[in-house]
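Visitor: Take this structure, written in structure tokens, and hold onto it; I'll ask about it next.
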Amino acid sequence: MNDTLDQAKDYAELFETGLYGRLFIYVGSPARGWAFQIYVVPDEFVGDYQSHDAVEVYGLVGNDEYGWKHNGPWQDDFGQLVIDRRAKLRLAQSEKLAEERAEKLAKESRIQKLLADYSEV
């Protein structure tokens with residue numbers, strides 16, 4: 001079963017273009033037209049992911065359909081990358097919310113202290 005364009009875009013929001021183990025993930029910018037592709041690269045990969053040494057295993061397979069072009073263990077590796085990236089994002093969001101709550105409580109505390117310390121002149 002293939003992914004819709006929206007599902008592939010969800011993946012693209014998790015990653016930046018780069019090397020993730022033996023997977024090279026390419027995220028195209030909206031200015032050049034949107035793209036999300038995964039390549040399997042050689043162990044000693046150096047250079048251009050679009051070279052003959054890399055194999056595109058995930059990408060556009062039809063009109064607005066993304067999917068796996070080749071099946072193999074890289075699918076599980078990518079699935080684990082997605083799980084790890086989503087967990088990392090959730091943790092970052094939780095930490096940001098906790099920091100915002102702490103700042104809000106500190107501000108409220110400063111306000112209450114200032115108001116409580118007020119005495120008439």
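As shown in the structure tokens, the chain order sets the letters A, B, ...; within each chain, residues go from 1, and ligands are also counted from 1 in the order they appear.
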Could you list, as a PyMOL selection string, every residue within 7 Å of segment 78-90 of chain A, counting only C-alpha atoms and ignoring same-chain residues fewer than 4 positions away?

Guide: chain A and resi 14+74+94

Visitor: Dump C-alpha atoms for the selected residues as a compact mmCIF listing (two decimals), in the first residue's frame?

Guide:
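Listed below is the output, result.txt:
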# COMPACT_ATOMS: atom_id res chain seq x y z
CA LEU A 14 10.31 14.93 10.84
CA TRP A 74 15.59 -0.47 5.35
CA SER A 94 6.85 18.58 26.68

Visitor: Excluding Glu44 of chain A and any residue of its chain fewer than 4 positions from it, enumerate the residues within 12 Å of it, using only C-alpha atoms, and give them as a list in words.

Guide: Leu19, Gly21, Arg22, Val40, Asp53 and Ala54 of chain A

Visitor: Record the distance separating atom CA of Glu65 of chain A and atom CA of Leu5 of chain A, expressed in Å with one decimal.

Guide: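 Going from atom CA of Glu65 of chain A over to atom CA of Leu5 of chain A, I get 5.7 Å.
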
Visitor: Could you state the separation of atom CA of Gly59 of chain A and atom CA of Ile38 of chain A in Å, given to one decimal place?

Guide: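 Atom-to-atom, atom CA of Gly59 of chain A to atom CA of Ile38 of chain A, that is 6.6 Å.
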
Visitor: Could you find all residues in chain A that DSSP calls strand (DSSP E) from the backbone, and write them as a ChimeraX atom specification?

Guide: /A:3-4,18-20,23-28,35-40,55-62,65-68

Visitor: Find the residues around Asp6 of chain A up to 12 Å (only C-alpha atoms counted), leave out those fewer than 2 positions away in its own chain, and share them as an mmCIF file with N, CA and C atoms, in the first residue's frame.

Guide:
data_model
loop_
_atom_site.group_PDB
_atom_site.id
_atom_site.type_symbol
_atom_site.label_atom_id
_atom_site.label_comp_id
_atom_site.auth_asym_id
_atom_site.auth_seq_id
_atom_site.Cartn_x
_atom_site.Cartn_y
_atom_site.Cartn_z
ATOM 1 N N ASN A 2 0.544 2.202 -0.808
ATOM 2 C CA ASN A 2 1.322 3.429 -0.931
ATOM 3 C C ASN A 2 0.826 4.494 0.033
ATOM 4 N N ASP A 3 1.675 5.481 0.273
ATOM 5 C CA ASP A 3 1.333 6.614 1.125
ATOM 6 C C ASP A 3 0.746 7.721 0.277
ATOM 7 N N THR A 4 -0.133 8.491 0.876
ATOM 8 C CA THR A 4 -0.641 9.673 0.194
ATOM 9 C C THR A 4 0.426 10.764 0.278
ATOM 10 N N ALA A 8 3.432 11.371 3.219
ATOM 11 C CA ALA A 8 4.842 11.594 2.909
ATOM 12 C C ALA A 8 5.293 12.961 3.427
ATOM 13 N N LYS A 9 4.427 13.968 3.350
ATOM 14 C CA LYS A 9 4.762 15.289 3.890
ATOM 15 C C LYS A 9 4.949 15.224 5.400
ATOM 16 N N ASP A 10 4.149 14.385 6.068
ATOM 17 C CA ASP A 10 4.327 14.203 7.508
ATOM 18 C C ASP A 10 5.724 13.669 7.808
ATOM 19 N N TYR A 11 6.188 12.728 7.021
ATOM 20 C CA TYR A 11 7.550 12.221 7.187
ATOM 21 C C TYR A 11 8.561 13.347 6.977
ATOM 22 N N ALA A 12 8.328 14.142 5.951
ATOM 23 C CA ALA A 12 9.275 15.213 5.610
ATOM 24 C C ALA A 12 9.408 16.222 6.743
ATOM 25 N N GLU A 13 8.344 16.420 7.503
ATOM 26 C CA GLU A 13 8.398 17.360 8.616
ATOM 27 C C GLU A 13 9.256 16.832 9.763
ATOM 28 N N TRP A 34 7.824 20.152 -3.934
ATOM 29 C CA TRP A 34 7.968 19.317 -2.763
ATOM 30 C C TRP A 34 8.433 17.920 -3.144
ATOM 31 N N ALA A 35 9.338 17.334 -2.352
ATOM 32 C CA ALA A 35 9.820 15.979 -2.601
ATOM 33 C C ALA A 35 10.281 15.350 -1.301
ATOM 34 N N PHE A 36 10.114 14.043 -1.187
ATOM 35 C CA PHE A 36 10.630 13.273 -0.063
ATOM 36 C C PHE A 36 11.106 11.937 -0.618
ATOM 37 N N ASP A 64 0.743 11.867 -7.051
ATOM 38 C CA ASP A 64 0.550 12.182 -5.635
ATOM 39 C C ASP A 64 0.573 10.957 -4.730
ATOM 40 N N GLU A 65 1.295 9.931 -5.132
ATOM 41 C CA GLU A 65 1.457 8.737 -4.297
ATOM 42 C C GLU A 65 2.933 8.484 -4.058
ATOM 43 N N TYR A 66 3.264 8.303 -2.803
ATOM 44 C CA TYR A 66 4.618 7.940 -2.413
ATOM 45 C C TYR A 66 4.590 6.513 -1.904
#

Visitor: Work out how far atom CA of Asp43 of chain A is from atom CA of Tyr58 of chain A, in Å to one decimal.

Guide: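 So the two atoms, atom CA of Tyr58 of chain A and atom CA of Asp43 of chain A, lie 18.7 Å apart.
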
Visitor: Could you give me, as an mmCIF file with C-alpha atoms, in the first residue's frame, the residues within 6 Å of Ile25 of chain A, counting only C-alpha atoms and dropping anything in the same chain fewer than 2 positions from it?

Guide:
data_model
loop_
_atom_site.group_PDB
_atom_site.id
_atom_site.type_symbol
_atom_site.label_atom_id
_atom_site.label_comp_id
_atom_site.auth_asym_id
_atom_site.auth_seq_id
_atom_site.Cartn_x
_atom_site.Cartn_y
_atom_site.Cartn_z
ATOM 1 C CA THR A 17 18.048 16.249 4.239
ATOM 2 C CA GLY A 18 20.932 14.134 5.428
ATOM 3 C CA GLN A 37 12.966 10.471 -1.043
ATOM 4 C CA ILE A 38 14.957 7.790 0.730
#
